[in-house]
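To keep things clear, I will list the structure first and then write my remarks on it.
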Amino acid sequence: MPHKLRKVRRQRGSRTMGFGQVGQHRKSGSRGGKGRAGGSKHFWIRTVKYEPWRFHKEGFKPPSAKEPEPATINVGELQDLAAKVIGDYGVKGGNELDLTALGIARLLGRGSVSVPLKVKVAYATASAKEKVEEAGGSLVEP
């Protein structure tokens, strides 16, 4: 048999049950705010324990370590590029186009080409290779 009544039973009928004036133990002010309020302040421990992805960043990568995307060109742009490079600058070798010398690493297969070109490139997709060979040209991979 309990000798003392619990606080809940003791304070029955006292209107505010030991929480000060009416309204001091209501709404979100007594619970630390609405939603995710205080996630980086008074609820920081909860954030770290249960939602570490919200603020934590893993590791460090200096800007110099991030590799840039390799320069790409589509098959549809080859004809215009060839006209500029071979025509304007008088590059010898007829229809040879060295994309690696121009800083382009990849040849992709969008578009079409109608002029036979001998293209030198580090990487070409299967569809790009097929389209260049269909036009009577060839691909040379170094």
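Labels used: A, B, ... for chains in the order of the structure tokens, numbers from 1 for residues in each chain, and numbers from 1 for ligands as shown.
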
### Message
Taking only range 44-131 of chain A into account, list the residues labelled strand (DSSP E or B) by DSSP (computed from the backbone), as a PyMOL selection string.
### Response
chain A and resi 72-74+96-98+106-108+118-120+123-124

### DSSP-assigned alpha helix (DSSP H) members of range 25-101 of chain A, reported as a ChimeraX atom specification
/A:44-50,78-82,89

### Query
Between A:Ser114, A:Gln21, A:Thr47, A:Ser14, which has the minimum distance to Gln79 in chain A (counting only C-alpha atoms)?
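Of A:Ser114, A:Gln21, A:Thr47, A:Ser14, the one nearest Gln79 in chain A is A:Ser114, counting only C-alpha atoms.
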
### Query
Using only C-alpha atoms, which residues sit within 12 Å of Trp44 in chain A once same-chain residues fewer than 5 positions away are excluded, as a PyMOL selection string?
chain A and resi 32+36-39+49-52+54-56

Could you give me, as CSV, a per-residue list for range 1-98 of chain A showing, wherever an atom lies at most 9 Å from an atom of range 105-110 of chain A, the closest pair of atoms and their distance in Å to one decimal, using only C-alpha atoms and sorting by chain then residue number from low to high?
```
residue,atom,partner,partner_atom,distance
A:Pro70,CA,A:Ala105,CA,5.9
A:Ala71,CA,A:Ala105,CA,5.5
A:Thr72,CA,A:Arg106,CA,4.7
A:Ile73,CA,A:Leu107,CA,5.2
A:Asn74,CA,A:Leu108,CA,4.6
A:Val75,CA,A:Gly109,CA,5.4
A:Gly76,CA,A:Arg110,CA,6.2
A:Glu77,CA,A:Arg110,CA,8.9
```

### Query
Any idea what the distance is between CA of Leu117 in chain A and CA of Glu141 in chain A?
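That distance, rounded to one decimal, is 13.8 Å.
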